$ cat data-v2.txt   # compact mmCIF, C-alpha atoms
# COMPACT_ATOMS: atom_id res chain seq x y z
CA GLN A 244 -3.21 18.20 -17.91
CA VAL A 245 -5.59 15.33 -17.12
CA PRO A 246 -7.56 15.81 -13.88
CA HIS A 247 -6.61 13.11 -11.38
CA THR A 248 -7.81 13.13 -7.79
CA ASP A 249 -5.24 11.32 -5.65
CA HIS A 250 -2.39 13.83 -5.22
CA GLY A 251 -3.13 14.78 -1.61
CA VAL A 252 -2.94 11.17 -0.44
CA TRP A 253 0.71 10.84 -1.45
CA LEU A 254 1.61 14.17 0.14
CA VAL A 255 0.49 12.77 3.51
CA ILE A 256 2.13 9.38 3.14
CA THR A 257 5.44 10.91 2.02
CA ALA A 258 5.46 13.48 4.83
CA LYS A 259 4.63 10.85 7.46
CA ALA A 260 7.37 8.53 6.16
CA TYR A 261 9.88 11.39 6.38
CA LEU A 262 8.83 12.29 9.93
CA ASP A 263 9.11 8.66 11.07
CA GLU A 264 12.54 8.26 9.52
CA ALA A 265 14.14 11.62 10.31
CA GLY A 266 12.20 12.72 13.41
CA ASP A 267 12.50 16.23 11.98
CA HIS A 268 9.21 17.93 12.84
CA SER A 269 10.67 21.37 12.08
CA ILE A 270 9.89 20.69 8.42
CA LEU A 271 6.20 21.20 9.24
CA ASP A 272 6.94 24.88 9.93
CA GLU A 273 8.77 25.45 6.63
CA MET A 274 6.97 28.10 4.57
CA VAL A 275 6.09 27.16 0.99
CA ALA A 276 4.24 29.15 -1.70
CA TRP A 277 1.21 27.83 -3.57
CA THR A 278 1.03 27.36 -7.33
CA ASP A 279 -1.73 29.98 -7.56
CA ASP A 280 -0.85 32.16 -4.55
CA PRO A 281 2.62 33.61 -3.83
CA ALA A 282 1.74 34.11 -0.12
CA PRO A 283 3.45 31.18 1.62
CA ALA A 284 1.96 28.79 4.18
CA SER A 285 3.54 26.12 6.35
CA VAL A 286 4.00 22.56 5.14
CA ARG A 287 1.58 21.60 7.91
CA GLU A 288 -1.07 23.87 6.37
CA HIS A 289 -0.40 22.54 2.86
CA VAL A 290 -0.95 18.94 3.95
CA THR A 291 -3.99 19.66 6.09
CA ARG A 292 -5.60 21.75 3.35
CA ALA A 293 -5.00 18.92 0.85
CA LEU A 294 -7.02 16.63 3.13
CA ARG A 295 -9.77 19.22 3.54
CA PHE A 296 -9.96 19.36 -0.25
CA LEU A 297 -10.26 15.56 -0.45
CA ALA A 298 -12.94 15.54 2.25
CA ALA A 299 -15.00 18.08 0.32
CA ALA A 300 -14.68 16.60 -3.18
CA VAL A 301 -17.30 13.89 -2.65
CA ASP A 302 -20.68 12.90 -4.10
CA GLU A 303 -24.04 12.56 -2.33
CA ARG A 304 -22.90 9.23 -0.82
CA GLY A 305 -19.81 10.90 0.62
CA LEU A 306 -17.44 9.00 -1.71
CA PRO A 307 -14.62 10.86 -3.54
CA TYR A 308 -14.93 11.77 -7.22
CA ILE A 309 -12.46 10.08 -9.57
CA GLU A 310 -12.75 12.58 -12.48
CA GLN A 311 -10.37 11.19 -15.15
CA GLY A 312 -8.20 8.94 -13.00
CA ASP A 313 -6.75 8.24 -9.58
CA TRP A 314 -3.54 6.25 -8.95
CA CYS A 315 -4.60 4.16 -11.94
CA ASP A 316 -3.94 6.63 -14.77
CA PRO A 317 -5.87 4.88 -17.57
CA MET A 318 -9.05 4.49 -15.49
CA ASN A 319 -10.01 7.70 -17.25
CA MET A 320 -13.69 7.25 -18.14
CA VAL A 321 -15.21 6.18 -14.82
CA GLY A 322 -15.97 9.76 -13.83
CA TYR A 323 -15.37 12.06 -16.77
CA LYS A 324 -19.01 13.23 -16.60
CA GLY A 325 -18.41 14.43 -13.05
CA LYS A 326 -20.33 11.75 -11.14
CA GLY A 327 -18.14 8.63 -10.94
CA VAL A 328 -16.31 7.83 -7.71
CA SER A 329 -13.21 5.89 -6.68
CA GLY A 330 -13.57 3.24 -3.98
CA TRP A 331 -9.80 2.97 -3.78
CA LEU A 332 -9.48 6.73 -3.21
CA ALA A 333 -12.04 6.53 -0.39
CA GLU A 334 -9.85 3.92 1.30
CA ALA A 335 -6.61 5.80 0.59
CA SER A 336 -8.10 9.08 1.85
CA SER A 337 -9.26 7.39 5.05
CA HIS A 338 -5.79 5.93 5.58
CA ALA A 339 -4.10 9.28 4.90
CA MET A 340 -6.47 11.08 7.27
CA SER A 341 -5.69 8.58 10.03
CA LEU A 342 -1.95 9.06 9.51
CA TRP A 343 -2.21 12.85 9.59
CA SER A 344 -4.49 12.72 12.61
CA GLU A 345 -1.63 11.03 14.49
CA VAL A 346 0.78 13.78 13.40
CA CYS A 347 -1.63 16.56 14.42
CA ALA A 348 -2.29 14.95 17.80
CA ALA A 349 1.46 14.68 18.46
CA GLU A 350 1.77 18.36 17.56
CA GLY A 351 -0.98 19.29 20.04
CA ASP A 352 -3.57 20.20 17.40
CA GLU A 353 -6.43 18.18 18.90
CA ASP A 354 -9.13 19.94 16.88
CA THR A 355 -7.66 18.97 13.51
CA ALA A 356 -6.72 15.52 14.78
CA GLY A 357 -10.29 14.90 15.95
CA TRP A 358 -11.80 16.16 12.69
CA LEU A 359 -9.49 13.93 10.64
CA LYS A 360 -10.28 10.86 12.75
CA ALA A 361 -14.02 11.48 12.37
CA GLU A 362 -13.65 11.89 8.58
CA ALA A 363 -11.56 8.71 8.33
CA ASP A 364 -14.14 6.72 10.30
CA ALA A 365 -17.01 8.13 8.23
CA LEU A 366 -15.28 7.05 5.02
CA VAL A 367 -14.86 3.52 6.39
CA GLU A 368 -18.60 3.34 7.08
CA ARG A 369 -19.43 4.55 3.55
CA ILE A 370 -16.95 2.13 1.97
CA ASN A 371 -18.52 -0.81 3.75
CA ARG A 372 -22.04 0.35 2.94
CA HIS A 373 -21.58 1.07 -0.76
CA LEU A 374 -18.63 -1.02 -1.95
CA TRP A 375 -18.49 -4.33 -0.03
CA ASP A 376 -19.58 -7.07 -2.47
CA GLY A 377 -19.77 -10.03 -0.10
CA ASP A 378 -16.24 -11.42 -0.57
CA TRP A 379 -14.26 -8.37 -1.68
CA TYR A 380 -14.56 -4.62 -2.27
CA GLY A 381 -15.63 -2.98 -5.51
CA ARG A 382 -13.18 -0.64 -7.22
CA GLY A 383 -15.57 2.27 -7.80
CA ILE A 384 -18.89 3.50 -9.16
CA THR A 385 -19.24 4.82 -12.71
CA ASP A 386 -20.87 8.04 -13.88
CA ASP A 387 -24.01 6.00 -14.58
CA GLY A 388 -24.11 4.47 -11.10
CA ALA A 389 -22.69 1.01 -11.83
CA VAL A 390 -20.44 -0.48 -9.15
CA PHE A 391 -17.52 -2.22 -10.89
CA GLY A 392 -14.86 -4.64 -9.79
CA VAL A 393 -17.53 -6.92 -8.33
CA SER A 394 -18.61 -10.55 -8.67
CA THR A 395 -21.21 -9.86 -11.38
CA ASP A 396 -18.53 -8.53 -13.75
CA LYS A 397 -17.26 -11.05 -16.29
CA GLU A 398 -14.00 -9.14 -16.74
CA GLY A 399 -12.35 -6.94 -14.13
CA ARG A 400 -14.20 -8.75 -11.33
CA ILE A 401 -11.65 -8.05 -8.59
CA PHE A 402 -9.09 -5.25 -8.27
CA LEU A 403 -6.14 -5.72 -5.93
CA ASN A 404 -5.83 -2.08 -4.79
CA ALA A 405 -9.39 -2.00 -3.49
CA GLN A 406 -8.54 -4.90 -1.16
CA SER A 407 -5.07 -3.72 -0.08
CA TRP A 408 -6.18 -0.28 0.97
CA ALA A 409 -9.28 -1.64 2.73
CA LEU A 410 -6.80 -3.41 5.01
CA LEU A 411 -4.62 -0.30 5.37
CA CYS A 412 -7.54 1.97 6.31
CA GLY A 413 -9.15 -0.56 8.66
CA ALA A 414 -12.38 -1.01 6.70
CA ALA A 415 -12.02 -4.79 6.62
CA ASP A 416 -12.83 -6.56 9.88
CA GLU A 417 -11.55 -10.09 10.55
CA ASP A 418 -14.36 -11.80 8.62
CA ARG A 419 -13.97 -9.52 5.60
CA LYS A 420 -10.20 -9.93 5.71
CA THR A 421 -10.51 -13.72 5.61
CA ARG A 422 -12.90 -13.58 2.64
CA MET A 423 -10.73 -11.08 0.77
CA LEU A 424 -7.51 -13.06 1.21
CA LYS A 425 -9.24 -16.19 -0.06
CA ALA A 426 -10.54 -14.33 -3.11
CA ILE A 427 -7.11 -12.85 -3.83
CA ASP A 428 -5.43 -16.26 -3.52
CA GLU A 429 -7.96 -17.84 -5.86
CA GLN A 430 -8.21 -15.12 -8.50
CA LEU A 431 -5.09 -12.93 -8.43
CA VAL A 432 -2.10 -14.88 -7.08
CA THR A 433 0.13 -16.41 -9.79
CA PRO A 434 3.60 -18.04 -9.82
CA TYR A 435 4.99 -14.64 -10.90
CA GLY A 436 3.26 -12.48 -8.29
CA VAL A 437 -0.14 -10.93 -7.64
CA GLU A 438 -2.13 -9.52 -10.54
CA ILE A 439 -3.54 -5.99 -10.33
CA GLN A 440 -6.98 -7.18 -11.44
CA ALA A 441 -8.65 -10.19 -13.04
CA PRO A 442 -9.90 -11.41 -15.38
CA SER A 443 -8.13 -9.10 -17.81
CA PHE A 444 -10.36 -7.10 -20.14
CA THR A 445 -10.49 -8.46 -23.69
CA ALA A 446 -12.65 -5.65 -25.09
CA MET A 447 -13.17 -1.94 -24.53
CA ARG A 448 -15.43 -1.00 -21.63
CA GLU A 449 -16.30 2.62 -22.19
CA ASP A 450 -17.42 3.39 -18.64
CA ILE A 451 -13.98 2.39 -17.28
CA GLY A 452 -11.62 3.67 -19.95
CA ARG A 453 -8.26 3.25 -21.58
CA LEU A 454 -7.00 0.48 -19.31
CA THR A 455 -9.52 -1.88 -20.94
CA GLN A 456 -7.91 -1.21 -24.34
CA LYS A 457 -4.52 -2.51 -23.25
CA TRP A 458 -3.54 -6.02 -24.24
CA PRO A 459 -4.81 -8.60 -21.69
CA GLY A 460 -2.19 -9.13 -18.99
CA VAL A 461 -0.25 -5.96 -19.87
CA ALA A 462 0.25 -3.04 -17.47
CA GLU A 463 -2.93 -2.02 -15.63
CA ASN A 464 -5.02 -4.57 -17.54
CA GLY A 465 -4.26 -7.55 -15.33
CA ALA A 466 -0.46 -7.55 -15.17
CA VAL A 467 1.52 -8.47 -12.10
CA TYR A 468 1.92 -4.73 -11.61
CA ASN A 469 4.61 -4.58 -8.96
CA HIS A 470 3.71 -1.14 -7.60
CA ALA A 471 0.22 -2.42 -6.74
CA ALA A 472 1.72 -5.64 -5.40
CA ALA A 473 3.92 -3.55 -3.09
CA PHE A 474 0.80 -1.84 -1.72
CA TYR A 475 -0.61 -5.31 -1.08
CA ALA A 476 2.56 -6.33 0.76
CA ALA A 477 2.30 -3.15 2.85
CA SER A 478 -1.31 -3.97 3.74
CA LEU A 479 -0.40 -7.54 4.71
CA TYR A 480 2.38 -6.38 7.04
CA HIS A 481 -0.03 -3.76 8.41
CA VAL A 482 -2.42 -6.50 9.60
CA GLY A 483 0.32 -8.88 10.79
CA GLU A 484 0.30 -11.23 7.79
CA GLY A 485 4.10 -11.33 7.59
CA ASP A 486 4.47 -14.62 5.70
CA ARG A 487 2.06 -13.51 2.99
CA GLY A 488 3.76 -10.13 2.81
CA PHE A 489 7.18 -11.70 2.32
CA ASN A 490 5.85 -14.04 -0.38
CA VAL A 491 4.50 -11.03 -2.30
CA LEU A 492 7.86 -9.24 -2.11
CA ARG A 493 9.84 -12.36 -3.01
CA ALA A 494 7.76 -12.98 -6.13
CA MET A 495 8.91 -9.63 -7.52
CA MET A 496 12.45 -10.95 -7.92
CA THR A 497 13.40 -13.53 -10.52
CA ASN A 498 14.69 -16.77 -9.04
CA PRO A 499 18.41 -17.23 -9.77
CA ASP A 500 17.84 -20.30 -11.93
CA ARG A 501 17.77 -20.89 -15.67
CA GLU A 502 14.10 -21.88 -15.85
CA ASP A 503 12.65 -18.80 -14.14
CA ILE A 504 15.03 -16.41 -15.90
CA ALA A 505 13.95 -17.87 -19.25
CA ALA A 506 10.24 -17.68 -18.37
CA ARG A 507 10.44 -14.07 -17.23
CA GLY A 508 13.12 -12.82 -19.61
CA GLN A 509 14.47 -10.91 -16.64
CA LEU A 510 17.72 -11.21 -14.68
CA PRO A 511 17.37 -10.80 -10.90
CA LEU A 512 19.01 -7.36 -10.98
CA TYR A 513 16.06 -5.03 -10.48
CA ILE A 514 12.29 -5.06 -10.00
CA PRO A 515 10.50 -4.25 -13.27
CA ASN A 516 7.31 -2.23 -13.65
CA TYR A 517 5.34 -5.41 -14.28
CA TYR A 518 5.35 -9.02 -15.33
CA ARG A 519 2.72 -10.21 -17.80
CA GLY A 520 -0.49 -11.32 -16.13
CA ALA A 521 -3.75 -12.87 -17.36
CA TYR A 522 -2.25 -16.10 -16.04
CA ARG A 523 -5.56 -17.97 -16.05
CA GLN A 524 -6.51 -16.67 -19.51
CA PHE A 525 -3.22 -16.68 -21.44
CA PRO A 526 -0.73 -18.81 -19.46
CA ARG A 527 1.76 -19.07 -22.35
CA THR A 528 2.84 -15.43 -22.08
CA ALA A 529 2.26 -14.96 -18.33
CA GLY A 530 5.31 -14.00 -16.31
CA ARG A 531 7.20 -12.19 -19.06
CA SER A 532 8.95 -9.08 -17.76
CA SER A 533 8.16 -5.62 -19.07
CA ASN A 534 11.90 -4.91 -18.61
CA LEU A 535 10.84 -1.38 -17.58
CA PHE A 536 12.55 0.08 -14.54
CA ASN A 537 10.34 3.20 -14.34
CA THR A 538 8.22 2.27 -11.33
CA GLY A 539 7.30 3.51 -7.87
CA THR A 540 7.64 -0.04 -6.56
CA VAL A 541 11.12 0.11 -5.12
CA ALA A 542 10.57 2.78 -2.47
CA TRP A 543 7.69 0.74 -1.04
CA VAL A 544 9.69 -2.50 -1.16
CA TYR A 545 12.61 -0.78 0.60
CA ARG A 546 10.31 0.42 3.38
CA MET A 547 8.65 -2.99 3.75
CA VAL A 548 12.01 -4.76 4.08
CA ILE A 549 13.51 -2.22 6.49
CA GLU A 550 10.47 -1.19 8.56
CA GLN A 551 8.35 -4.36 8.54
CA LEU A 552 10.39 -7.47 7.76
CA CYS A 553 13.42 -6.18 9.70
CA GLY A 554 10.94 -4.20 11.75
CA VAL A 555 12.91 -1.18 12.98
CA ARG A 556 11.17 2.14 12.32
CA GLY A 557 10.93 5.58 13.84
CA ASN A 558 7.94 6.44 15.98
CA GLY A 559 7.51 9.92 17.44
CA LYS A 560 10.74 10.69 19.31
CA GLY A 561 11.60 7.02 19.61
CA ALA A 562 11.43 3.78 17.67
CA VAL A 563 9.49 0.55 17.35
CA VAL A 564 11.27 -2.78 17.02
CA ALA A 565 8.77 -5.34 15.69
CA PRO A 566 10.21 -7.64 13.01
CA GLN A 567 7.81 -9.75 10.97
CA VAL A 568 10.26 -12.45 9.98
CA PRO A 569 9.19 -15.28 7.64
CA SER A 570 8.25 -18.32 9.72
CA SER A 571 10.79 -20.50 7.89
CA TRP A 572 13.70 -18.29 9.03
CA GLN A 573 15.22 -19.52 12.30
CA THR A 574 17.91 -16.84 12.72
CA PHE A 575 18.44 -13.43 11.20
CA SER A 576 20.70 -10.45 11.96
CA PHE A 577 21.19 -6.97 10.57
CA THR A 578 22.38 -3.46 11.38
CA ARG A 579 20.05 -0.49 10.97
CA ARG A 580 21.07 3.15 11.35
CA LEU A 581 18.29 5.47 12.40
CA ARG A 582 18.49 9.15 13.44
CA GLY A 583 22.21 8.95 14.19
CA ALA A 584 21.95 5.78 16.28
CA THR A 585 22.97 2.23 15.37
CA PHE A 586 20.73 -0.78 16.03
CA ASN A 587 22.50 -4.16 15.93
CA VAL A 588 19.64 -6.64 15.80
CA ALA A 589 19.82 -10.43 16.24
CA PHE A 590 16.65 -12.48 15.70
CA SER A 591 16.17 -16.12 16.68
CA ARG A 592 13.37 -18.61 17.18
CA ASP A 593 13.44 -20.19 20.63
CA ASP A 594 11.63 -22.92 22.52
CA GLY A 595 9.46 -22.22 25.53
CA ILE A 596 8.08 -18.78 24.62
CA ALA A 597 4.54 -17.95 23.51
CA GLU A 598 5.06 -14.55 21.90
CA GLN A 599 7.78 -12.41 20.38
CA VAL A 600 10.05 -10.73 22.93
CA VAL A 601 12.30 -7.70 22.33
CA GLU A 602 15.29 -6.91 24.54
CA ILE A 603 17.33 -3.73 24.12
CA ASP A 604 20.69 -3.66 25.91
CA GLY A 605 19.57 -6.65 27.96
CA GLN A 606 16.27 -5.11 29.12
CA ARG A 607 12.90 -6.37 27.92
CA VAL A 608 11.02 -3.62 26.10
CA GLU A 609 7.23 -3.88 26.13
CA GLY A 610 5.82 -3.83 22.62
CA GLY A 611 9.33 -3.21 21.29
CA ARG A 612 8.85 0.52 21.92
CA LEU A 613 11.86 2.68 22.63
CA ALA A 614 10.74 6.06 23.99
CA VAL A 615 13.68 8.15 22.78
CA ILE A 616 16.47 7.49 20.28
CA GLU A 617 19.85 8.81 21.45
CA ALA A 618 22.00 9.92 18.51
CA GLY A 619 25.46 8.34 18.54
CA ARG A 620 24.39 5.42 20.70
CA ILE A 621 24.77 1.75 19.69
CA TYR A 622 21.79 -0.37 20.71
CA ASP A 623 22.18 -4.13 21.16
CA VAL A 624 18.82 -5.65 20.25
CA ARG A 625 17.73 -9.25 20.72
CA VAL A 626 14.44 -10.46 19.29
CA LYS A 627 13.18 -13.89 20.32
CA ALA A 628 10.18 -15.46 18.62
CA PRO A 629 8.37 -18.78 19.18
CA ARG A 630 9.92 -21.63 17.20
$ encode --input "data-v2.txt" --output "structure tokens"
Amino acid sequence: QVPHTDHGVWLVITAKAYLDEAGDHSILDEMVAWTDDPAPASVREHVTRALRFLAAAVDERGLPYIEQGDWCDPMNMVGYKGKGVSGWLAEASSHAMSLWSEVCAAEGDEDTAGWLKAEADALVERINRHLWDGDWYGRGITDDGAVFGVSTDKEGRIFLNAQSWALLCGAADEDRKTRMLKAIDEQLVTPYGVEIQAPSFTAMREDIGRLTQKWPGVAENGAVYNHAAAFYAASLYHVGEGDRGFNVLRAMMTNPDREDIAARGQLPLYIPNYYRGAYRQFPRTAGRSSNLFNTGTVAWVYRMVIEQLCGVRGNGKGAVVAPQVPSSWQTFSFTRRLRGATFNVAFSRDDGIAEQVVEIDGQRVEGGRLAVIEAGRIYDVRVKAPR
């Protein structure tokens, strides 16, 4: 009912996750009808056309319109006049286009793959030109042309999603990454996790919308919103910041001690939608659990634990073994089943090596890449990392 602009992004990310896990590329040829056209088209065509739609729905700067919301539902007044744009959606679209470019290239569709890569790169250039604020990225531009989520804002100065997805899409080079991580540590990290934005709004801002009417530190108005924190963890693992990524995931779970359970009002049984934020403004109530279990967080956390921390994930016809194990862990073992095969993985930190080494069935595997997964086979995997 309310026009949001981010649907196509999730279609890509979900399809790519399925392909990596199942290796089932036949799904791309499945025929599916459209909502407004009974003539079916392949899943491949559905996804590609979604990205063509995203590429076309942009303003004169080449940045995507936000209309009445993107992933952040109550950011509903940034673009209701038809001019406001979403910086986050520019980053997410670039990331999605890069992912689908890989799929198209593997399928032999070089034309579409090349077009997608060019579009993704062009978005990165526009993001850096229009939204980089010196130490972090702005969240968007309002109908009236005001960039928000920047250092000149007294409230809502920095939004987590705009930084996370800049890392995922490759917009942030090493210098920008360093500046962003420092800003996040200083302004968003709390003992209960990473806040979605800060400082929380204490009054209505009509060119941003309903999120500014929520109580400070609640939900999208500055809470430790775990779904957004999971995106941040994903972005940290994406750029090799494994320790930071693990710390973000760990903060989502209550510590099994009386003090933390009392502060959060949450047993360590599930990950809630959010914990109260506004830690620097209203510390007395910060950390309290929403006790809501309706959240998209858990699927992302599951993937981060399995595919990044444990580090075994599908890749084309094969797999990649590349654990990002917290530096304080000296040994670690697990079993992972993937595409009918079993991976028994043992991790240890050893003396006398300079980089992480992966051995599969006694043979060193460069980059941890296994070309083909054989269903029914049991793989003995040893991962050795510097102590």
$ closest_residue --input "data-v2.txt" --among "A:Gln244, A:Ser269, A:Ser337, A:Thr538" --to "Ile256 (chain A)" --atoms "only C-alpha atoms"
A:Ser337
$ residues_near_point --input "data-v2.txt" --point "(9.4, 2.0, 7.9)" --cutoff "12 Å" --atoms "all atoms listed in the file" --output "JSON, numbers by chain"
{"A": [256, 257, 259, 260, 261, 262, 263, 264, 265, 477, 480, 481, 542, 543, 544, 545, 546, 547, 548, 549, 550, 551, 552, 553, 554, 555, 556, 557, 558, 562, 563, 564, 565, 566, 579, 581]}
$ atom_distance --input "data-v2.txt" --atom1 "CA of Leu254 (chain A)" --atom2 "CA of Leu411 (chain A)"
16.6 Å
$ atom_distance --input "data-v2.txt" --atom1 "CA of Tyr468 (chain A)" --atom2 "CA of Val491 (chain A)"
11.5 Å
$ residues_around --input "data-v2.txt" --residues "Lys397 (chain A)" --least-positions-apart "5" --cutoff "10 Å" --atoms "all atoms listed in the file" --output "PDB file with C-alpha atoms, in the frame of the given file"
ATOM      1  CA  GLY A 392     -14.860  -4.640  -9.790  1.00  0.00           C
ATOM      2  CA  ALA A 441      -8.650 -10.190 -13.040  1.00  0.00           C
ATOM      3  CA  PRO A 442      -9.900 -11.410 -15.380  1.00  0.00           C
ATOM      4  CA  SER A 443      -8.130  -9.100 -17.810  1.00  0.00           C
ATOM      5  CA  PHE A 444     -10.360  -7.100 -20.140  1.00  0.00           C
TER       6      PHE A 444
END
$ axis_aligned_box --input "data-v2.txt" --around "region 428-437 of chain A" --padding-each-side "8 Å" --output "JSON"
{"center_x": -1.6, "center_y": -14.5, "center_z": -7.2, "size_x": 29.2, "size_y": 23.1, "size_z": 23.4}
$ residues_around --input "data-v2.txt" --residues "Gly377 (chain A)" --least-positions-apart "6" --cutoff "10 Å" --atoms "all atoms listed in the file" --output "PDB file with C-alpha atoms, in the frame of the given file"
ATOM      1  CA  VAL A 393     -17.530  -6.920  -8.330  1.00  0.00           C
ATOM      2  CA  SER A 394     -18.610 -10.550  -8.670  1.00  0.00           C
ATOM      3  CA  ARG A 419     -13.970  -9.520   5.600  1.00  0.00           C
ATOM      4  CA  ARG A 422     -12.900 -13.580   2.640  1.00  0.00           C
ATOM      5  CA  MET A 423     -10.730 -11.080   0.770  1.00  0.00           C
TER       6      MET A 423
END
$ closest_residue --input "data-v2.txt" --among "A:Arg620, A:Arg625, A:Arg580, A:Arg523" --to "Val600 (chain A)" --atoms "all atoms listed in the file"
A:Arg625
$ closest_residue --input "data-v2.txt" --among "A:Leu479, A:Met320, A:Ala276, A:Ala414" --to "His338 (chain A)" --atoms "all atoms listed in the file"
A:Ala414
$ residues_around --input "data-v2.txt" --residues "Leu424 (chain A)" --least-positions-apart "6" --cutoff "12 Å" --atoms "only C-alpha atoms" --output "list of chain:residue names"
A:Asp378, A:Trp379, A:Tyr380, A:Ile401, A:Leu403, A:Gln406, A:Ser407, A:Ala409, A:Leu410, A:Ala415, A:Glu417, A:Asp418, A:Gln430, A:Leu431, A:Val432, A:Val437, A:Tyr475, A:Ser478, A:Leu479, A:Val482, A:Glu484, A:Arg487, A:Gly488
$ closest_residue --input "data-v2.txt" --among "A:Thr497, A:Ser344, A:Thr445, A:Asn587" --to "Phe525 (chain A)" --atoms "only C-alpha atoms"
A:Thr445
$ atom_distance --input "data-v2.txt" --atom1 "CA of Asp313 (chain A)" --atom2 "CA of Trp331 (chain A)"
8.4 Å
$ residues_around --input "data-v2.txt" --residues "Ile270 (chain A)" --least-positions-apart "5" --cutoff "9 Å" --atoms "only C-alpha atoms" --output "ChimeraX atom specification"
/A:262,285-287
$ closest_residue --input "data-v2.txt" --among "A:Ala333, A:Val252, A:Leu374, A:Ala618" --to "Leu294 (chain A)" --atoms "all atoms listed in the file"
A:Val252
$ closest_residue --input "data-v2.txt" --among "A:Thr291, A:Glu602, A:Gly322, A:Phe489" --to "Asp354 (chain A)" --atoms "only C-alpha atoms"
A:Thr291
$ residues_around --input "data-v2.txt" --residues "Ile504 (chain A)" --least-positions-apart "5" --cutoff "12 Å" --atoms "only C-alpha atoms" --output "PyMOL selection string"
chain A and resi 435+496-499+509-512+530-532
